[in-house]
Amino acid sequence: MIAVKDYCALPVRPRPINGEATLGFLMRVARENGYETLRQLGNTFRNFDGLCQALGLSAEERQGLLGPHPSFWGPSAFSNGLAVADFNHSQMRWCPLCLRDSVHLRGPWLLKISCVCNRHSIRLLERCPSCGSTQRLERVNLKQCACGAWLADIRGADQVDEPLISVSRSVEAAIDGKSALAGFPAMSLPEWIRLIGYLGQFSNTFQPAKPGKIANMHQLDTASVLMQQVGWLLDGWPENFHALLTTIHRQTASQSSIRRTFGSLYRTLYTDLSGECFQFLRDEFERYLQKHWSGVVNKRHKAFKPETVARHPRVTLKQAAKKAGVAPSTVRHFVRADVIAGNQIELPSGRKLRSIDEQSLKQIAILAKGYVTLGEAAKQLALPERRVRELISAGILKPLVSRQLGNAATWLIPWQQVQGLFFAGTEVSHLPLTISVRYILKHWHLLDGEFINLIRAILECQIQPLGNPTQPVPLGSILLAEQQTRQWRVEKRCEGGVSLSVDEAAQWLGLKQQVVYDLVKLGLLATIKDDLPGQRVTHAGIDDFQTSYISLAEYAKTMNRAPRWLLQTLSVRPVSGPMIDGGRQYFFRRSDLCTERISSR
Ligand SMILES: [Zn+2]
Ligand SMILES: [Zn+2]
């Protein structure tokens, strides 16, 4: 039932223009019927339906209107999923060029995300070009500002670029159903609004802590920024999106988790924009991770597509070791020695998580055959680890050096080098008393550097290992002729100016140990005290002894006589010997023998 007063209230009944904003239409109705504000319409009609009936609007005409009716008539209902909050209620935006064509308010201008005229490719206006006032939607004059200036004045209307126009056109096209940008999924208007509202907040310079809460959305500048940003992202898809991800990725120092690193953007992609039509964003995000996330992606990442988890190329060291069939410690060594690229992240708990690229697995398996750890090398060579370290510092073994500082150095030693320290023996008819290198290390009290000298002597074949020529044995187990090796050591010590023990001096002089002890006791062979334990004999002391004294045995040899005969014949008395002082062997002073030879002539 239409009251007669309602008809009387609207003597002029303009028709809506397809796509016109409801509020704008009402402004025209009010103005043409002599009302000065929309409020006055509200006082005349109880509700929007009443007004429509008074105007005799067809259902089709009503459907052509866009946006809410004034709030004094209660909440507006939308059938297409839009919300009241998607529209401006108080402030007007307009295209001055469109207003020149027809003085009516286009429906899309009322959307909060609208910022450009798609027909004229210029930015919409929201302020009077003359006095700068905003134009409130409750007024009824669409042509003029309160100051009298014409709103069709094009001063201040800027041209806008193509990416922004493309997005804006897609948004407008979505008013009539789903619309898509080329190459992107189709979206409804509410979906476009959601995409722009959330994604538009992220830029290379700013990421919101709580996306979704946008302040000042009723202002044109806010909409411009969001649309501009989404235009940029979609226009250069996916490069620009990757650039944004890279920026955020690099901002976080501790990249312990994907969620923490990508923070609010992660939440936007997987929660706020969880709809199926936004899957293309997640696909690209997961593609980015596959290429650039050096951490592990596993089943704990429930939000990811199963393929993303399955295809992610990073694995933990433990997984890598299992897949490559080697010990986890070996993989760790490879990473530390930098032969396999690894990545380390520190979890908030302080635990360090290392990961490597799955492509490295093959390489690990190959490398594992070519290298051994220090401990393994020691085992293989039958030597203590300390001695393997000595071989390394002497450059006999050249390992891959660990890059890790602080901790005890870790090494990987090429297996070939370890094999180079396996020796085949030489067969001899009379096997002398032998001694193993391991035994020497344990019982001979080698001086610094003597172990390395010994190994060099073996490598240079000055000392030859004895044993089976077809069965090489590791360095620690090779057998050496004891006598020859002792002799070699004494010579080395003399060469190096190292004092000798009395035993070694005996070896050097070719005399029995007891004889040399006697010589020391009698003062014929001088000894000293130095850093080394016991009485020490110097090289000079041995020289002195040899130039001053000669044994009866040696003298007899040079004279080509029997020692016994000489002893009875010579008038010179020995300085030491069984009949003189109970010594085991006779010794003469060389100078006495010279006199003897002269006198006997
Ligand atoms: Zn326009
Ligand atoms: Zn003005």
# chains A, B, ... in the order shown; residues from 1 in each chain; ligands from 1
>>> closest_atom_pairs(of="chain A", to="ligand 1", cutoff="10 Å", atoms="only C-alpha atoms and all ligand atoms", output="Markdown table")
| residue | atom | partner | partner_atom_place_in_ligand_line | distance |
| --- | --- | --- | --- | --- |
| A:Trp94 | CA | ligand 1 | 1 (Zn) | 7.8 |
| A:Cys95 | CA | ligand 1 | 1 (Zn) | 4.5 |
| A:Pro96 | CA | ligand 1 | 1 (Zn) | 6.4 |
| A:Leu97 | CA | ligand 1 | 1 (Zn) | 4.8 |
| A:Cys98 | CA | ligand 1 | 1 (Zn) | 3.9 |
| A:Leu99 | CA | ligand 1 | 1 (Zn) | 7.3 |
| A:Arg100 | CA | ligand 1 | 1 (Zn) | 8.8 |
| A:Asp101 | CA | ligand 1 | 1 (Zn) | 8.7 |
| A:Arg106 | CA | ligand 1 | 1 (Zn) | 9.4 |
| A:Val116 | CA | ligand 1 | 1 (Zn) | 8.1 |
| A:Cys117 | CA | ligand 1 | 1 (Zn) | 4.7 |
| A:Asn118 | CA | ligand 1 | 1 (Zn) | 6.7 |
| A:Arg119 | CA | ligand 1 | 1 (Zn) | 5.2 |
| A:His120 | CA | ligand 1 | 1 (Zn) | 4.6 |
| A:Ser121 | CA | ligand 1 | 1 (Zn) | 7.3 |
| A:Ile122 | CA | ligand 1 | 1 (Zn) | 7.1 |
| A:Arg123 | CA | ligand 1 | 1 (Zn) | 8.8 |
| A:Leu124 | CA | ligand 1 | 1 (Zn) | 7.9 |
>>> write_last_selection(atoms="C-alpha atoms", output="PDB file, in the first residue's frame")
ATOM      1  CA  TRP A  94      34.386  10.951  -8.663  1.00  0.00           C
ATOM      2  CA  CYS A  95      35.872  11.213 -12.119  1.00  0.00           C
ATOM      3  CA  PRO A  96      35.534  14.817 -13.385  1.00  0.00           C
ATOM      4  CA  LEU A  97      35.490  13.664 -17.006  1.00  0.00           C
ATOM      5  CA  CYS A  98      32.668  11.206 -16.350  1.00  0.00           C
ATOM      6  CA  LEU A  99      30.713  13.924 -14.526  1.00  0.00           C
ATOM      7  CA  ARG A 100      30.969  16.070 -17.653  1.00  0.00           C
ATOM      8  CA  ASP A 101      29.285  13.281 -19.633  1.00  0.00           C
ATOM      9  CA  ARG A 106      28.898   5.630 -10.720  1.00  0.00           C
ATOM     10  CA  VAL A 116      40.799   5.211 -10.810  1.00  0.00           C
ATOM     11  CA  CYS A 117      38.323   5.812 -13.620  1.00  0.00           C
ATOM     12  CA  ASN A 118      38.679   2.889 -15.956  1.00  0.00           C
ATOM     13  CA  ARG A 119      37.182   4.801 -18.857  1.00  0.00           C
ATOM     14  CA  HIS A 120      39.457   7.798 -18.676  1.00  0.00           C
ATOM     15  CA  SER A 121      42.502   6.198 -17.000  1.00  0.00           C
ATOM     16  CA  ILE A 122      42.781   8.980 -14.470  1.00  0.00           C
ATOM     17  CA  ARG A 123      42.841   8.964 -10.721  1.00  0.00           C
ATOM     18  CA  LEU A 124      39.472   9.636  -9.038  1.00  0.00           C
TER      19      LEU A 124
END
>>> residues_near_ligand(ligand="ligand 2", cutoff="9 Å", atoms="only C-alpha atoms and all ligand atoms", output="list in words")
Arg127, Cys128, Pro129, Ser130, Cys131, Gly132, Ser133, Thr134, Gln135, Gln144, Cys145, Ala146, Cys147, Gly148, Ala149, Trp150 and Leu151 of chain A
>>> residues_around(residues="Arg332 (chain A)", least_positions_apart="6", cutoff="12 Å", atoms="only C-alpha atoms", output="mmCIF file with N, CA and C atoms, in the first residue's frame")
data_model
loop_
_atom_site.group_PDB
_atom_site.id
_atom_site.type_symbol
_atom_site.label_atom_id
_atom_site.label_comp_id
_atom_site.auth_asym_id
_atom_site.auth_seq_id
_atom_site.Cartn_x
_atom_site.Cartn_y
_atom_site.Cartn_z
ATOM 1 N N THR A 316 67.740 -33.071 6.257
ATOM 2 C CA THR A 316 68.623 -32.923 7.403
ATOM 3 C C THR A 316 69.849 -33.795 7.187
ATOM 4 N N LEU A 317 70.897 -33.530 7.943
ATOM 5 C CA LEU A 317 72.124 -34.315 7.803
ATOM 6 C C LEU A 317 71.854 -35.787 8.097
ATOM 7 N N LYS A 318 70.977 -36.013 9.057
ATOM 8 C CA LYS A 318 70.676 -37.380 9.433
ATOM 9 C C LYS A 318 69.993 -38.124 8.269
ATOM 10 N N GLN A 319 69.018 -37.436 7.667
ATOM 11 C CA GLN A 319 68.336 -38.044 6.519
ATOM 12 C C GLN A 319 69.320 -38.276 5.377
ATOM 13 N N ALA A 320 70.186 -37.274 5.167
ATOM 14 C CA ALA A 320 71.159 -37.374 4.076
ATOM 15 C C ALA A 320 72.073 -38.574 4.290
ATOM 16 N N ALA A 321 72.521 -38.738 5.538
ATOM 17 C CA ALA A 321 73.422 -39.842 5.851
ATOM 18 C C ALA A 321 72.730 -41.173 5.574
ATOM 19 N N VAL A 326 75.858 -43.494 4.635
ATOM 20 C CA VAL A 326 77.094 -43.239 5.379
ATOM 21 C C VAL A 326 76.732 -42.802 6.794
ATOM 22 N N ASP A 338 83.406 -28.105 3.981
ATOM 23 C CA ASP A 338 82.957 -27.291 2.848
ATOM 24 C C ASP A 338 82.989 -28.020 1.509
ATOM 25 N N VAL A 339 83.117 -29.319 1.505
ATOM 26 C CA VAL A 339 83.053 -30.022 0.218
ATOM 27 C C VAL A 339 81.598 -30.255 -0.170
ATOM 28 N N ILE A 340 80.715 -30.205 0.824
ATOM 29 C CA ILE A 340 79.280 -30.273 0.563
ATOM 30 C C ILE A 340 78.687 -29.000 1.156
ATOM 31 N N ALA A 341 77.875 -28.315 0.354
ATOM 32 C CA ALA A 341 77.288 -27.075 0.848
ATOM 33 C C ALA A 341 76.190 -27.399 1.851
ATOM 34 N N GLY A 342 76.308 -26.841 3.013
ATOM 35 C CA GLY A 342 75.294 -27.055 4.031
ATOM 36 C C GLY A 342 74.768 -25.724 4.503
ATOM 37 N N ASN A 343 73.720 -25.808 5.267
ATOM 38 C CA ASN A 343 73.152 -24.581 5.781
ATOM 39 C C ASN A 343 72.795 -24.822 7.225
ATOM 40 N N GLN A 344 73.068 -23.824 8.050
ATOM 41 C CA GLN A 344 72.772 -24.024 9.462
ATOM 42 C C GLN A 344 71.821 -22.961 9.960
ATOM 43 N N LEU A 353 70.209 -26.631 13.619
ATOM 44 C CA LEU A 353 69.686 -27.577 12.652
ATOM 45 C C LEU A 353 70.419 -27.370 11.346
ATOM 46 N N ARG A 354 71.066 -28.434 10.878
ATOM 47 C CA ARG A 354 71.775 -28.288 9.608
ATOM 48 C C ARG A 354 70.999 -29.007 8.518
ATOM 49 N N SER A 355 71.093 -28.463 7.326
ATOM 50 C CA SER A 355 70.436 -29.121 6.214
ATOM 51 C C SER A 355 71.317 -29.035 4.985
ATOM 52 N N ILE A 356 71.061 -29.938 4.046
ATOM 53 C CA ILE A 356 71.809 -29.901 2.797
ATOM 54 C C ILE A 356 70.866 -30.163 1.639
ATOM 55 N N ILE A 364 77.869 -37.177 -1.863
ATOM 56 C CA ILE A 364 78.254 -37.656 -0.533
ATOM 57 C C ILE A 364 78.667 -39.121 -0.605
ATOM 58 N N ALA A 368 82.276 -40.262 0.272
ATOM 59 C CA ALA A 368 82.443 -41.109 1.452
ATOM 60 C C ALA A 368 83.410 -42.252 1.166
ATOM 61 N N THR A 373 87.783 -40.232 8.166
ATOM 62 C CA THR A 373 87.959 -39.262 9.239
ATOM 63 C C THR A 373 89.283 -39.555 9.938
ATOM 64 N N SER A 402 88.964 -28.565 7.899
ATOM 65 C CA SER A 402 87.659 -28.081 8.322
ATOM 66 C C SER A 402 87.682 -26.573 8.367
ATOM 67 N N ARG A 403 86.545 -25.963 7.951
ATOM 68 C CA ARG A 403 86.488 -24.509 8.017
ATOM 69 C C ARG A 403 85.993 -24.067 9.382
ATOM 70 N N GLN A 404 85.544 -25.043 10.147
ATOM 71 C CA GLN A 404 84.950 -24.662 11.419
ATOM 72 C C GLN A 404 86.007 -24.265 12.428
ATOM 73 N N THR A 410 88.454 -30.622 12.616
ATOM 74 C CA THR A 410 88.035 -31.911 12.083
ATOM 75 C C THR A 410 88.616 -32.056 10.687
ATOM 76 N N TRP A 411 89.012 -33.275 10.396
ATOM 77 C CA TRP A 411 89.654 -33.493 9.121
ATOM 78 C C TRP A 411 88.995 -34.613 8.360
ATOM 79 N N LEU A 412 89.115 -34.522 7.055
ATOM 80 C CA LEU A 412 88.780 -35.651 6.209
ATOM 81 C C LEU A 412 90.032 -35.954 5.424
#
>>> residues_around(residues="region 74-79 of chain A", least_positions_apart="2", cutoff="12 Å", atoms="only C-alpha atoms", output="ChimeraX atom specification")
/A:22-23,42,46-49,63,65-72,81-87,89,175,189-190
>>> select_by_dssp(residues="region 139-318 of chain A", states="strand (DSSP E or B)", output="PyMOL selection string")
chain A and resi 139+144+150+159+179+187+314-316
>>> write_last_selection(atoms="N, CA and C atoms", output="PDB file, in the first residue's frame")
ATOM      1  N   ARG A 139      24.985  15.385   1.087  1.00  0.00           N
ATOM      2  CA  ARG A 139      24.529  16.534   0.294  1.00  0.00           C
ATOM      3  C   ARG A 139      23.800  16.007  -0.943  1.00  0.00           C
ATOM      4  N   GLN A 144      28.427  20.517  -7.774  1.00  0.00           N
ATOM      5  CA  GLN A 144      29.205  21.610  -7.216  1.00  0.00           C
ATOM      6  C   GLN A 144      29.606  21.368  -5.775  1.00  0.00           C
ATOM      7  N   TRP A 150      33.041  23.835  -9.633  1.00  0.00           N
ATOM      8  CA  TRP A 150      32.479  22.695 -10.362  1.00  0.00           C
ATOM      9  C   TRP A 150      33.318  21.446 -10.103  1.00  0.00           C
ATOM     10  N   GLN A 159      46.994  11.052 -14.609  1.00  0.00           N
ATOM     11  CA  GLN A 159      46.972   9.818 -15.395  1.00  0.00           C
ATOM     12  C   GLN A 159      47.529   8.684 -14.518  1.00  0.00           C
ATOM     13  N   SER A 179      35.563 -12.322 -12.547  1.00  0.00           N
ATOM     14  CA  SER A 179      36.430 -11.766 -13.582  1.00  0.00           C
ATOM     15  C   SER A 179      37.867 -12.147 -13.268  1.00  0.00           C
ATOM     16  N   MET A 187      37.846 -14.352 -10.117  1.00  0.00           N
ATOM     17  CA  MET A 187      37.459 -14.044  -8.739  1.00  0.00           C
ATOM     18  C   MET A 187      36.211 -13.196  -8.725  1.00  0.00           C
ATOM     19  N   ARG A 314      65.649 -29.911   0.387  1.00  0.00           N
ATOM     20  CA  ARG A 314      66.566 -29.906   1.530  1.00  0.00           C
ATOM     21  C   ARG A 314      66.259 -31.082   2.456  1.00  0.00           C
ATOM     22  N   VAL A 315      67.312 -31.683   2.955  1.00  0.00           N
ATOM     23  CA  VAL A 315      67.132 -32.748   3.940  1.00  0.00           C
ATOM     24  C   VAL A 315      68.059 -32.491   5.117  1.00  0.00           C
ATOM     25  N   THR A 316      67.740 -33.071   6.257  1.00  0.00           N
ATOM     26  CA  THR A 316      68.623 -32.923   7.403  1.00  0.00           C
ATOM     27  C   THR A 316      69.849 -33.795   7.187  1.00  0.00           C
TER      28      THR A 316
END
>>> atom_distance(atom1="CA of Asp272 (chain A)", atom2="CA of Ser294 (chain A)")
26.0 Å
>>> select_by_dssp(residues="region 474-580 of chain A", states="helix (DSSP H, G or I)", output="PyMOL selection string")
chain A and resi 475-477+482-495+502-509+513-522+539-548+552-559+563-569+578-580
>>> closest_residue(among="A:Ile113, A:Val331, A:Leu480, A:Leu524", to="Asn216 (chain A)", atoms="only C-alpha atoms")
A:Ile113
>>> residues_around(residues="Val572 (chain A)", least_positions_apart="2", cutoff="8 Å", atoms="only C-alpha atoms", output="PyMOL selection string")
chain A and resi 570+574+592-593+596
>>> write_last_selection(atoms="C-alpha atoms", output="compact mmCIF listing (two decimals), in the first residue's frame")
# COMPACT_ATOMS: atom_id res chain seq x y z
CA LEU A 570 154.14 -54.33 23.95
CA PRO A 574 147.02 -50.35 28.79
CA ASP A 592 151.59 -44.14 24.34
CA LEU A 593 151.41 -46.43 21.34
CA GLU A 596 156.19 -47.37 21.55
>>> residues_around(residues="Tyr439 (chain A)", least_positions_apart="4", cutoff="10 Å", atoms="only C-alpha atoms", output="list in words")
Ile435, His443, Trp444, Gly476, Ser477 and Leu479 of chain A
